[in-house]
Amino acid sequence: MRIDIITVLPELLESPLHVSILKRAQDKGLVEIHLHDLRDYSSDKRHRRVDDYPFGGQAGMVLQCEPVDRVITALKARRDYDEVIYTSPDGETFNQPVANQLSLCQNLIILCGHYKGIDYRIREHLITREISIGDYVLTGGELAAAVMADAIVRLIPGAIGDEQSALSDSFQDNLLAPPVYTRPSDYKGWQVPEILLSGHEANIRDWELQQSIARTKQLRPDLLV
Ligand code: ADE
């Protein structure tokens with residue numbers, strides 16, 4: 001899989017993409033993640049400007065068509081992309097089913113939104129999918145792109161050590177994950193549930209399922225309807 005992220009703030013994405021599971025997945029050759037600085041595609045060689053004032057006189061700056069068109073056209077000339085995603089608070093809400101779907105793609109472009117927005121013609125002509133990570137407004141789309149890349153890449157087979165663990169995540173079956181514990185079994189009198197120490201595999205799986213259902217009913221009843 002390959003993910004190309006277009007941004008005016010590549011430094012904001014460097015660290016989340018280059019540590020832990022995202023780094024390991026890239027080192028193992030499971031995914032390539034490339035950052036593209038939109039300013040490299042500016043026709044303004046002196047100031048590398050990529051935004052301008054909006055027609056209509058409102059406040060704020062708007063990303064221009066030309067640099068975005070240039071970078072997307074250059075990428076598309078080299079390979080086919082499954083989706084050209086734009087991160088925006090008014091897109092469809094990102095969730096586990098969307099992450100699952102995108103993890104099956106070969107090539108993705110993620111264009112990070114910024115400032116007041118981007119020239120709407122980009123959304124009309126170049127973007128295939130607009131995605132929001134939640135009903136709140138971030139200063140830009142970089143953190144949204146990092147969230148999506150993380151959720152997508154960890155689903156690629158081999159990205160996380162125990163392949164079962166991606167399948168048993170919260171949300172994969174519309175149930176929250178059961179509680180987990182590790183040693184010591186007694187910490188300051190705080191006890192690990194007896195059943196987990198029993199060694200009865202089937203009873204433990206059943207207990208976990210009951211815990212998942214109870215936690216989902218209590219914390220996220222909306223997932224059960
Ligand atoms: N850009 C600003 N806010 C955002 C959000 N909630 N999701 C995705 N991109 C955004």
# chains A, B, ... in the order shown; residues from 1 in each chain; ligands from 1
$ residues_around --residues "Asn100 (chain A)" --least-positions-apart "2" --cutoff "12 Å" --atoms "only C-alpha atoms" --output "PyMOL selection string"
chain A and resi 94-98+102-105+148-157+166-167+169+171-173
$ closest_atom_pairs --of "chain A" --to "ligand 1" --cutoff "7 Å" --atoms "only C-alpha atoms and all ligand atoms" --output "JSON lines"
{"residue": "A:Thr87", "atom": "CA", "partner": "ligand 1", "partner_atom_place_in_ligand_line": "9 (N)", "distance": 4.0}
{"residue": "A:Ser88", "atom": "CA", "partner": "ligand 1", "partner_atom_place_in_ligand_line": "9 (N)", "distance": 3.7}
{"residue": "A:Pro89", "atom": "CA", "partner": "ligand 1", "partner_atom_place_in_ligand_line": "5 (C)", "distance": 3.9}
{"residue": "A:Gly113", "atom": "CA", "partner": "ligand 1", "partner_atom_place_in_ligand_line": "1 (N)", "distance": 5.8}
{"residue": "A:His114", "atom": "CA", "partner": "ligand 1", "partner_atom_place_in_ligand_line": "1 (N)", "distance": 6.9}
{"residue": "A:Ile131", "atom": "CA", "partner": "ligand 1", "partner_atom_place_in_ligand_line": "8 (C)", "distance": 6.0}
{"residue": "A:Ser132", "atom": "CA", "partner": "ligand 1", "partner_atom_place_in_ligand_line": "7 (N)", "distance": 3.4}
{"residue": "A:Ile133", "atom": "CA", "partner": "ligand 1", "partner_atom_place_in_ligand_line": "7 (N)", "distance": 4.1}
{"residue": "A:Gly134", "atom": "CA", "partner": "ligand 1", "partner_atom_place_in_ligand_line": "6 (N)", "distance": 4.6}
{"residue": "A:Asp135", "atom": "CA", "partner": "ligand 1", "partner_atom_place_in_ligand_line": "6 (N)", "distance": 5.6}
{"residue": "A:Tyr136", "atom": "CA", "partner": "ligand 1", "partner_atom_place_in_ligand_line": "6 (N)", "distance": 4.8}
{"residue": "A:Val137", "atom": "CA", "partner": "ligand 1", "partner_atom_place_in_ligand_line": "3 (N)", "distance": 3.8}
{"residue": "A:Leu138", "atom": "CA", "partner": "ligand 1", "partner_atom_place_in_ligand_line": "3 (N)", "distance": 3.8}
{"residue": "A:Thr139", "atom": "CA", "partner": "ligand 1", "partner_atom_place_in_ligand_line": "2 (C)", "distance": 5.7}
{"residue": "A:Gly140", "atom": "CA", "partner": "ligand 1", "partner_atom_place_in_ligand_line": "1 (N)", "distance": 4.8}
{"residue": "A:Gly141", "atom": "CA", "partner": "ligand 1", "partner_atom_place_in_ligand_line": "1 (N)", "distance": 4.2}
{"residue": "A:Ala144", "atom": "CA", "partner": "ligand 1", "partner_atom_place_in_ligand_line": "8 (C)", "distance": 4.9}
$ select_by_dssp --residues "region 11-52 of chain A" --states "strand (DSSP E or B)" --output "PyMOL selection string"
chain A and resi 32-37+51-52
$ residues_around --residues "region 203-205 of chain A" --least-positions-apart "5" --cutoff "12 Å" --atoms "only C-alpha atoms" --output "MDAnalysis selection string"
chainID A and resid 168 177:180 193:198 210:212
$ write_last_selection --atoms "N, CA, C and O atoms" --output "tab-separated table (two decimals), in the first residue's frame"
chain	number	residue	atom	x	y	z
A	168	SER	N	-9.86	-8.08	17.14
A	168	SER	CA	-10.58	-8.01	18.41
A	168	SER	C	-10.63	-6.58	18.97
A	168	SER	O	-11.03	-6.37	20.10
A	177	ALA	N	-14.06	-3.30	23.38
A	177	ALA	CA	-13.17	-4.39	23.81
A	177	ALA	C	-13.38	-4.67	25.31
A	177	ALA	O	-13.73	-3.77	26.08
A	178	PRO	N	-13.17	-5.93	25.73
A	178	PRO	CA	-13.27	-6.25	27.16
A	178	PRO	C	-12.07	-5.68	27.91
A	178	PRO	O	-11.06	-5.34	27.29
A	179	PRO	N	-12.14	-5.60	29.26
A	179	PRO	CA	-10.99	-5.12	30.02
A	179	PRO	C	-9.82	-6.10	29.90
A	179	PRO	O	-10.04	-7.30	29.72
A	180	VAL	N	-8.59	-5.60	29.99
A	180	VAL	CA	-7.41	-6.47	30.00
A	180	VAL	C	-6.58	-6.16	31.24
A	180	VAL	O	-6.64	-5.06	31.78
A	193	PRO	N	-9.80	-10.19	37.86
A	193	PRO	CA	-10.92	-11.14	37.96
A	193	PRO	C	-10.44	-12.60	37.94
A	193	PRO	O	-9.63	-12.97	37.08
A	194	GLU	N	-10.97	-13.35	38.90
A	194	GLU	CA	-10.58	-14.76	39.12
A	194	GLU	C	-10.59	-15.58	37.84
A	194	GLU	O	-9.67	-16.36	37.58
A	195	ILE	N	-11.62	-15.38	37.04
A	195	ILE	CA	-11.81	-16.19	35.82
A	195	ILE	C	-10.59	-16.15	34.90
A	195	ILE	O	-10.23	-17.14	34.28
A	196	LEU	N	-9.91	-14.98	34.85
A	196	LEU	CA	-8.77	-14.84	33.94
A	196	LEU	C	-7.57	-15.66	34.40
A	196	LEU	O	-6.65	-15.91	33.63
A	197	LEU	N	-7.58	-16.06	35.68
A	197	LEU	CA	-6.47	-16.85	36.21
A	197	LEU	C	-6.80	-18.35	36.20
A	197	LEU	O	-5.98	-19.18	36.56
A	198	SER	N	-8.03	-18.68	35.73
A	198	SER	CA	-8.52	-20.06	35.85
A	198	SER	C	-7.92	-21.01	34.83
A	198	SER	O	-7.91	-22.22	35.04
A	210	GLN	N	-19.20	-11.36	27.41
A	210	GLN	CA	-20.20	-10.75	28.30
A	210	GLN	C	-19.75	-9.36	28.75
A	210	GLN	O	-20.55	-8.43	28.83
A	211	GLN	N	-18.45	-9.21	29.05
A	211	GLN	CA	-17.90	-7.90	29.44
A	211	GLN	C	-18.06	-6.90	28.29
A	211	GLN	O	-18.40	-5.75	28.51
A	212	SER	N	-17.75	-7.35	27.08
A	212	SER	CA	-17.86	-6.46	25.91
A	212	SER	C	-19.29	-5.98	25.75
A	212	SER	O	-19.53	-4.79	25.53
$ atom_distance --atom1 "CA of Asn107 (chain A)" --atom2 "CA of Glu32 (chain A)"
9.5 Å
$ closest_residue --among "A:Val84, A:Ile109, A:Leu17, A:Ile33" --to "His125 (chain A)" --atoms "only C-alpha atoms"
A:Val84
$ select_by_dssp --residues "region 18-217 of chain A" --states "helix (DSSP H, G or I)" --output "PDB file with N, CA and C atoms, in the first residue's frame"
ATOM      1  N   SER A  20       6.935   4.008  16.195  1.00  0.00           N
ATOM      2  CA  SER A  20       6.032   2.919  16.564  1.00  0.00           C
ATOM      3  C   SER A  20       5.539   2.098  15.362  1.00  0.00           C
ATOM      4  N   ILE A  21       4.250   1.767  15.374  1.00  0.00           N
ATOM      5  CA  ILE A  21       3.720   0.807  14.398  1.00  0.00           C
ATOM      6  C   ILE A  21       3.774   1.360  12.971  1.00  0.00           C
ATOM      7  N   LEU A  22       3.533   2.668  12.808  1.00  0.00           N
ATOM      8  CA  LEU A  22       3.607   3.237  11.461  1.00  0.00           C
ATOM      9  C   LEU A  22       5.033   3.151  10.918  1.00  0.00           C
ATOM     10  N   LYS A  23       6.015   3.370  11.763  1.00  0.00           N
ATOM     11  CA  LYS A  23       7.413   3.257  11.323  1.00  0.00           C
ATOM     12  C   LYS A  23       7.726   1.800  10.974  1.00  0.00           C
ATOM     13  N   ARG A  24       7.347   0.896  11.863  1.00  0.00           N
ATOM     14  CA  ARG A  24       7.649  -0.527  11.631  1.00  0.00           C
ATOM     15  C   ARG A  24       6.997  -1.032  10.347  1.00  0.00           C
ATOM     16  N   ALA A  25       5.758  -0.612  10.113  1.00  0.00           N
ATOM     17  CA  ALA A  25       5.059  -1.059   8.898  1.00  0.00           C
ATOM     18  C   ALA A  25       5.799  -0.564   7.653  1.00  0.00           C
ATOM     19  N   GLN A  26       6.357   0.645   7.732  1.00  0.00           N
ATOM     20  CA  GLN A  26       7.116   1.166   6.587  1.00  0.00           C
ATOM     21  C   GLN A  26       8.448   0.422   6.465  1.00  0.00           C
ATOM     22  N   ASP A  27       9.105   0.189   7.602  1.00  0.00           N
ATOM     23  CA  ASP A  27      10.381  -0.543   7.574  1.00  0.00           C
ATOM     24  C   ASP A  27      10.205  -1.950   7.007  1.00  0.00           C
ATOM     25  N   LEU A  38       3.227  21.130  -0.210  1.00  0.00           N
ATOM     26  CA  LEU A  38       2.485  21.825  -1.273  1.00  0.00           C
ATOM     27  C   LEU A  38       3.260  23.029  -1.802  1.00  0.00           C
ATOM     28  N   ARG A  39       4.065  23.634  -0.925  1.00  0.00           N
ATOM     29  CA  ARG A  39       4.809  24.831  -1.352  1.00  0.00           C
ATOM     30  C   ARG A  39       5.824  24.509  -2.445  1.00  0.00           C
ATOM     31  N   ASP A  40       6.264  23.253  -2.542  1.00  0.00           N
ATOM     32  CA  ASP A  40       7.187  22.866  -3.617  1.00  0.00           C
ATOM     33  C   ASP A  40       6.520  22.965  -4.984  1.00  0.00           C
ATOM     34  N   TYR A  41       5.197  23.054  -4.995  1.00  0.00           N
ATOM     35  CA  TYR A  41       4.453  23.097  -6.263  1.00  0.00           C
ATOM     36  C   TYR A  41       3.894  24.487  -6.548  1.00  0.00           C
ATOM     37  N   CYS A  65      -5.994  26.648  -6.555  1.00  0.00           N
ATOM     38  CA  CYS A  65      -6.122  25.449  -7.405  1.00  0.00           C
ATOM     39  C   CYS A  65      -4.770  24.966  -7.921  1.00  0.00           C
ATOM     40  N   GLU A  66      -3.955  25.897  -8.410  1.00  0.00           N
ATOM     41  CA  GLU A  66      -2.805  25.485  -9.218  1.00  0.00           C
ATOM     42  C   GLU A  66      -1.814  24.548  -8.517  1.00  0.00           C
ATOM     43  N   PRO A  67      -1.313  24.913  -7.317  1.00  0.00           N
ATOM     44  CA  PRO A  67      -0.344  23.993  -6.697  1.00  0.00           C
ATOM     45  C   PRO A  67      -0.949  22.628  -6.377  1.00  0.00           C
ATOM     46  N   VAL A  68      -2.210  22.630  -5.964  1.00  0.00           N
ATOM     47  CA  VAL A  68      -2.871  21.356  -5.624  1.00  0.00           C
ATOM     48  C   VAL A  68      -3.043  20.518  -6.891  1.00  0.00           C
ATOM     49  N   ASP A  69      -3.477  21.165  -7.962  1.00  0.00           N
ATOM     50  CA  ASP A  69      -3.648  20.456  -9.238  1.00  0.00           C
ATOM     51  C   ASP A  69      -2.307  19.900  -9.706  1.00  0.00           C
ATOM     52  N   ARG A  70      -1.262  20.709  -9.566  1.00  0.00           N
ATOM     53  CA  ARG A  70       0.063  20.259 -10.019  1.00  0.00           C
ATOM     54  C   ARG A  70       0.527  19.008  -9.302  1.00  0.00           C
ATOM     55  N   VAL A  71       0.421  19.015  -7.972  1.00  0.00           N
ATOM     56  CA  VAL A  71       0.939  17.859  -7.215  1.00  0.00           C
ATOM     57  C   VAL A  71       0.082  16.623  -7.469  1.00  0.00           C
ATOM     58  N   ILE A  72      -1.225  16.805  -7.503  1.00  0.00           N
ATOM     59  CA  ILE A  72      -2.101  15.633  -7.721  1.00  0.00           C
ATOM     60  C   ILE A  72      -1.898  15.085  -9.138  1.00  0.00           C
ATOM     61  N   THR A  73      -1.767  15.976 -10.104  1.00  0.00           N
ATOM     62  CA  THR A  73      -1.549  15.527 -11.493  1.00  0.00           C
ATOM     63  C   THR A  73      -0.215  14.790 -11.610  1.00  0.00           C
ATOM     64  N   ALA A  74       0.816  15.300 -10.931  1.00  0.00           N
ATOM     65  CA  ALA A  74       2.135  14.646 -10.986  1.00  0.00           C
ATOM     66  C   ALA A  74       2.056  13.239 -10.375  1.00  0.00           C
ATOM     67  N   LEU A  75       1.338  13.112  -9.268  1.00  0.00           N
ATOM     68  CA  LEU A  75       1.214  11.791  -8.623  1.00  0.00           C
ATOM     69  C   LEU A  75       0.422  10.824  -9.494  1.00  0.00           C
ATOM     70  N   LYS A  76      -0.692  11.329 -10.045  1.00  0.00           N
ATOM     71  CA  LYS A  76      -1.555  10.465 -10.858  1.00  0.00           C
ATOM     72  C   LYS A  76      -0.873  10.017 -12.143  1.00  0.00           C
ATOM     73  N   ALA A  77       0.118  10.800 -12.604  1.00  0.00           N
ATOM     74  CA  ALA A  77       0.837  10.420 -13.828  1.00  0.00           C
ATOM     75  C   ALA A  77       1.678   9.170 -13.577  1.00  0.00           C
ATOM     76  N   ARG A  78       2.008   8.920 -12.306  1.00  0.00           N
ATOM     77  CA  ARG A  78       2.904   7.793 -11.990  1.00  0.00           C
ATOM     78  C   ARG A  78       2.166   6.510 -11.610  1.00  0.00           C
ATOM     79  N   GLN A  96     -14.526   2.971  12.000  1.00  0.00           N
ATOM     80  CA  GLN A  96     -13.829   1.705  11.739  1.00  0.00           C
ATOM     81  C   GLN A  96     -14.186   1.106  10.372  1.00  0.00           C
ATOM     82  N   PRO A  97     -15.473   1.084   9.974  1.00  0.00           N
ATOM     83  CA  PRO A  97     -15.768   0.556   8.630  1.00  0.00           C
ATOM     84  C   PRO A  97     -15.041   1.321   7.518  1.00  0.00           C
ATOM     85  N   VAL A  98     -14.927   2.654   7.649  1.00  0.00           N
ATOM     86  CA  VAL A  98     -14.202   3.426   6.619  1.00  0.00           C
ATOM     87  C   VAL A  98     -12.716   3.058   6.653  1.00  0.00           C
ATOM     88  N   ALA A  99     -12.150   2.912   7.854  1.00  0.00           N
ATOM     89  CA  ALA A  99     -10.740   2.508   7.968  1.00  0.00           C
ATOM     90  C   ALA A  99     -10.538   1.130   7.337  1.00  0.00           C
ATOM     91  N   ASN A 100     -11.439   0.200   7.614  1.00  0.00           N
ATOM     92  CA  ASN A 100     -11.331  -1.157   7.044  1.00  0.00           C
ATOM     93  C   ASN A 100     -11.327  -1.086   5.518  1.00  0.00           C
ATOM     94  N   GLN A 101     -12.251  -0.306   4.991  1.00  0.00           N
ATOM     95  CA  GLN A 101     -12.385  -0.183   3.533  1.00  0.00           C
ATOM     96  C   GLN A 101     -11.115   0.409   2.917  1.00  0.00           C
ATOM     97  N   LEU A 102     -10.602   1.488   3.530  1.00  0.00           N
ATOM     98  CA  LEU A 102      -9.416   2.159   2.964  1.00  0.00           C
ATOM     99  C   LEU A 102      -8.166   1.294   3.103  1.00  0.00           C
ATOM    100  N   SER A 103      -8.150   0.408   4.117  1.00  0.00           N
ATOM    101  CA  SER A 103      -6.961  -0.439   4.306  1.00  0.00           C
ATOM    102  C   SER A 103      -6.816  -1.461   3.171  1.00  0.00           C
ATOM    103  N   TYR A 120     -12.941  25.740  -4.105  1.00  0.00           N
ATOM    104  CA  TYR A 120     -13.955  24.686  -4.211  1.00  0.00           C
ATOM    105  C   TYR A 120     -13.822  23.860  -5.487  1.00  0.00           C
ATOM    106  N   ARG A 121     -13.185  24.448  -6.514  1.00  0.00           N
ATOM    107  CA  ARG A 121     -13.032  23.710  -7.780  1.00  0.00           C
ATOM    108  C   ARG A 121     -12.161  22.473  -7.610  1.00  0.00           C
ATOM    109  N   ILE A 122     -11.251  22.506  -6.620  1.00  0.00           N
ATOM    110  CA  ILE A 122     -10.440  21.302  -6.357  1.00  0.00           C
ATOM    111  C   ILE A 122     -11.351  20.183  -5.867  1.00  0.00           C
ATOM    112  N   ARG A 123     -12.256  20.554  -4.974  1.00  0.00           N
ATOM    113  CA  ARG A 123     -13.173  19.539  -4.430  1.00  0.00           C
ATOM    114  C   ARG A 123     -14.075  18.998  -5.533  1.00  0.00           C
ATOM    115  N   GLU A 124     -14.451  19.864  -6.456  1.00  0.00           N
ATOM    116  CA  GLU A 124     -15.352  19.422  -7.534  1.00  0.00           C
ATOM    117  C   GLU A 124     -14.646  18.538  -8.551  1.00  0.00           C
ATOM    118  N   HIS A 125     -13.375  18.845  -8.840  1.00  0.00           N
ATOM    119  CA  HIS A 125     -12.714  18.190  -9.979  1.00  0.00           C
ATOM    120  C   HIS A 125     -11.667  17.143  -9.614  1.00  0.00           C
ATOM    121  N   GLU A 142      -3.815  18.117   8.974  1.00  0.00           N
ATOM    122  CA  GLU A 142      -2.658  17.232   9.198  1.00  0.00           C
ATOM    123  C   GLU A 142      -2.916  16.194  10.286  1.00  0.00           C
ATOM    124  N   LEU A 143      -3.482  16.646  11.413  1.00  0.00           N
ATOM    125  CA  LEU A 143      -3.715  15.682  12.491  1.00  0.00           C
ATOM    126  C   LEU A 143      -4.784  14.678  12.076  1.00  0.00           C
ATOM    127  N   ALA A 144      -5.751  15.131  11.278  1.00  0.00           N
ATOM    128  CA  ALA A 144      -6.770  14.204  10.765  1.00  0.00           C
ATOM    129  C   ALA A 144      -6.109  13.164   9.850  1.00  0.00           C
ATOM    130  N   ALA A 145      -5.161  13.608   9.015  1.00  0.00           N
ATOM    131  CA  ALA A 145      -4.460  12.674   8.111  1.00  0.00           C
ATOM    132  C   ALA A 145      -3.657  11.661   8.929  1.00  0.00           C
ATOM    133  N   ALA A 146      -3.019  12.127  10.014  1.00  0.00           N
ATOM    134  CA  ALA A 146      -2.237  11.215  10.860  1.00  0.00           C
ATOM    135  C   ALA A 146      -3.150  10.184  11.527  1.00  0.00           C
ATOM    136  N   VAL A 147      -4.304  10.636  11.998  1.00  0.00           N
ATOM    137  CA  VAL A 147      -5.271   9.720  12.627  1.00  0.00           C
ATOM    138  C   VAL A 147      -5.709   8.653  11.617  1.00  0.00           C
ATOM    139  N   MET A 148      -6.032   9.094  10.417  1.00  0.00           N
ATOM    140  CA  MET A 148      -6.508   8.138   9.403  1.00  0.00           C
ATOM    141  C   MET A 148      -5.410   7.162   9.019  1.00  0.00           C
ATOM    142  N   ALA A 149      -4.190   7.692   8.788  1.00  0.00           N
ATOM    143  CA  ALA A 149      -3.080   6.816   8.393  1.00  0.00           C
ATOM    144  C   ALA A 149      -2.841   5.765   9.475  1.00  0.00           C
ATOM    145  N   ASP A 150      -2.881   6.173  10.727  1.00  0.00           N
ATOM    146  CA  ASP A 150      -2.657   5.235  11.834  1.00  0.00           C
ATOM    147  C   ASP A 150      -3.722   4.137  11.837  1.00  0.00           C
ATOM    148  N   ALA A 151      -4.987   4.560  11.759  1.00  0.00           N
ATOM    149  CA  ALA A 151      -6.091   3.579  11.824  1.00  0.00           C
ATOM    150  C   ALA A 151      -6.074   2.637  10.621  1.00  0.00           C
ATOM    151  N   ILE A 152      -5.648   3.144   9.467  1.00  0.00           N
ATOM    152  CA  ILE A 152      -5.628   2.324   8.243  1.00  0.00           C
ATOM    153  C   ILE A 152      -4.448   1.354   8.262  1.00  0.00           C
ATOM    154  N   VAL A 153      -3.256   1.884   8.571  1.00  0.00           N
ATOM    155  CA  VAL A 153      -2.040   1.066   8.439  1.00  0.00           C
ATOM    156  C   VAL A 153      -2.041  -0.098   9.426  1.00  0.00           C
ATOM    157  N   GLU A 163      -1.931 -10.706  14.784  1.00  0.00           N
ATOM    158  CA  GLU A 163      -2.960 -10.336  13.811  1.00  0.00           C
ATOM    159  C   GLU A 163      -4.360 -10.418  14.391  1.00  0.00           C
ATOM    160  N   GLN A 164      -4.534 -11.317  15.374  1.00  0.00           N
ATOM    161  CA  GLN A 164      -5.842 -11.419  16.012  1.00  0.00           C
ATOM    162  C   GLN A 164      -6.229 -10.095  16.654  1.00  0.00           C
ATOM    163  N   SER A 165      -5.199  -9.350  17.126  1.00  0.00           N
ATOM    164  CA  SER A 165      -5.556  -8.212  17.953  1.00  0.00           C
ATOM    165  C   SER A 165      -6.238  -7.098  17.172  1.00  0.00           C
ATOM    166  N   ALA A 166      -5.963  -6.967  15.856  1.00  0.00           N
ATOM    167  CA  ALA A 166      -6.702  -5.959  15.084  1.00  0.00           C
ATOM    168  C   ALA A 166      -8.160  -6.377  14.952  1.00  0.00           C
ATOM    169  N   LEU A 167      -8.394  -7.697  14.856  1.00  0.00           N
ATOM    170  CA  LEU A 167      -9.769  -8.175  14.703  1.00  0.00           C
ATOM    171  C   LEU A 167     -10.558  -8.030  15.996  1.00  0.00           C
ATOM    172  N   GLU A 194     -10.967 -13.350  38.900  1.00  0.00           N
ATOM    173  CA  GLU A 194     -10.580 -14.758  39.124  1.00  0.00           C
ATOM    174  C   GLU A 194     -10.592 -15.581  37.836  1.00  0.00           C
ATOM    175  N   ILE A 195     -11.622 -15.376  37.037  1.00  0.00           N
ATOM    176  CA  ILE A 195     -11.813 -16.192  35.819  1.00  0.00           C
ATOM    177  C   ILE A 195     -10.589 -16.153  34.901  1.00  0.00           C
ATOM    178  N   LEU A 196      -9.907 -14.981  34.855  1.00  0.00           N
ATOM    179  CA  LEU A 196      -8.765 -14.839  33.940  1.00  0.00           C
ATOM    180  C   LEU A 196      -7.566 -15.661  34.405  1.00  0.00           C
ATOM    181  N   LEU A 197      -7.580 -16.065  35.679  1.00  0.00           N
ATOM    182  CA  LEU A 197      -6.466 -16.853  36.213  1.00  0.00           C
ATOM    183  C   LEU A 197      -6.801 -18.349  36.197  1.00  0.00           C
ATOM    184  N   GLU A 201      -9.990 -21.704  28.909  1.00  0.00           N
ATOM    185  CA  GLU A 201     -10.044 -20.887  27.691  1.00  0.00           C
ATOM    186  C   GLU A 201     -11.484 -20.509  27.294  1.00  0.00           C
ATOM    187  N   ALA A 202     -12.366 -21.518  27.207  1.00  0.00           N
ATOM    188  CA  ALA A 202     -13.732 -21.269  26.720  1.00  0.00           C
ATOM    189  C   ALA A 202     -14.483 -20.334  27.672  1.00  0.00           C
ATOM    190  N   ASN A 203     -14.321 -20.584  28.988  1.00  0.00           N
ATOM    191  CA  ASN A 203     -15.009 -19.725  29.967  1.00  0.00           C
ATOM    192  C   ASN A 203     -14.479 -18.295  29.903  1.00  0.00           C
ATOM    193  N   ILE A 204     -13.161 -18.182  29.665  1.00  0.00           N
ATOM    194  CA  ILE A 204     -12.556 -16.839  29.587  1.00  0.00           C
ATOM    195  C   ILE A 204     -13.115 -16.089  28.378  1.00  0.00           C
ATOM    196  N   ARG A 205     -13.179 -16.769  27.207  1.00  0.00           N
ATOM    197  CA  ARG A 205     -13.710 -16.110  25.993  1.00  0.00           C
ATOM    198  C   ARG A 205     -15.156 -15.677  26.239  1.00  0.00           C
ATOM    199  N   ASP A 206     -15.929 -16.538  26.927  1.00  0.00           N
ATOM    200  CA  ASP A 206     -17.330 -16.218  27.206  1.00  0.00           C
ATOM    201  C   ASP A 206     -17.421 -15.009  28.133  1.00  0.00           C
ATOM    202  N   TRP A 207     -16.571 -14.985  29.154  1.00  0.00           N
ATOM    203  CA  TRP A 207     -16.545 -13.851  30.096  1.00  0.00           C
ATOM    204  C   TRP A 207     -16.205 -12.554  29.341  1.00  0.00           C
ATOM    205  N   GLU A 208     -15.211 -12.643  28.429  1.00  0.00           N
ATOM    206  CA  GLU A 208     -14.820 -11.443  27.668  1.00  0.00           C
ATOM    207  C   GLU A 208     -15.987 -10.922  26.825  1.00  0.00           C
ATOM    208  N   LEU A 209     -16.703 -11.856  26.204  1.00  0.00           N
ATOM    209  CA  LEU A 209     -17.839 -11.447  25.380  1.00  0.00           C
ATOM    210  C   LEU A 209     -18.901 -10.761  26.234  1.00  0.00           C
ATOM    211  N   GLN A 210     -19.199 -11.357  27.411  1.00  0.00           N
ATOM    212  CA  GLN A 210     -20.203 -10.754  28.297  1.00  0.00           C
ATOM    213  C   GLN A 210     -19.750  -9.362  28.752  1.00  0.00           C
ATOM    214  N   GLN A 211     -18.455  -9.214  29.048  1.00  0.00           N
ATOM    215  CA  GLN A 211     -17.903  -7.903  29.435  1.00  0.00           C
ATOM    216  C   GLN A 211     -18.056  -6.896  28.295  1.00  0.00           C
ATOM    217  N   SER A 212     -17.754  -7.349  27.080  1.00  0.00           N
ATOM    218  CA  SER A 212     -17.863  -6.464  25.910  1.00  0.00           C
ATOM    219  C   SER A 212     -19.291  -5.976  25.746  1.00  0.00           C
ATOM    220  N   ILE A 213     -20.235  -6.913  25.864  1.00  0.00           N
ATOM    221  CA  ILE A 213     -21.646  -6.540  25.691  1.00  0.00           C
ATOM    222  C   ILE A 213     -22.058  -5.565  26.806  1.00  0.00           C
ATOM    223  N   ALA A 214     -21.667  -5.862  28.047  1.00  0.00           N
ATOM    224  CA  ALA A 214     -22.059  -5.004  29.170  1.00  0.00           C
ATOM    225  C   ALA A 214     -21.461  -3.602  29.024  1.00  0.00           C
ATOM    226  N   ARG A 215     -20.170  -3.549  28.650  1.00  0.00           N
ATOM    227  CA  ARG A 215     -19.514  -2.234  28.487  1.00  0.00           C
ATOM    228  C   ARG A 215     -20.144  -1.439  27.348  1.00  0.00           C
ATOM    229  N   THR A 216     -20.497  -2.133  26.265  1.00  0.00           N
ATOM    230  CA  THR A 216     -21.099  -1.438  25.124  1.00  0.00           C
ATOM    231  C   THR A 216     -22.474  -0.898  25.515  1.00  0.00           C
ATOM    232  N   LYS A 217     -23.269  -1.727  26.235  1.00  0.00           N
ATOM    233  CA  LYS A 217     -24.606  -1.276  26.684  1.00  0.00           C
ATOM    234  C   LYS A 217     -24.479  -0.037  27.554  1.00  0.00           C
TER     235      LYS A 217
END
$ closest_residue --among "A:Leu175, A:Gly60, A:Asp37, A:Arg79" --to "Glu11 (chain A)" --atoms "only C-alpha atoms"
A:Asp37
$ atom_distance --atom1 "CA of Leu111 (chain A)" --atom2 "CA of Ala59 (chain A)"
22.3 Å
$ closest_residue --among "A:Asp90, A:Asp186, A:Asp51, A:Gly57" --to "Asp119 (chain A)" --atoms "only C-alpha atoms"
A:Asp51
$ closest_residue --among "A:Asp52, A:Glu130, A:Glu83, A:Glu92" --to "Asp4 (chain A)" --atoms "only C-alpha atoms"
A:Glu83
$ atom_distance --atom1 "CA of Ile127 (chain A)" --atom2 "CA of Ile3 (chain A)"
15.0 Å
$ closest_residue --among "A:Arg183, A:Gln64, A:Leu30, A:Gly56" --to "Ser42 (chain A)" --atoms "only C-alpha atoms"
A:Gln64
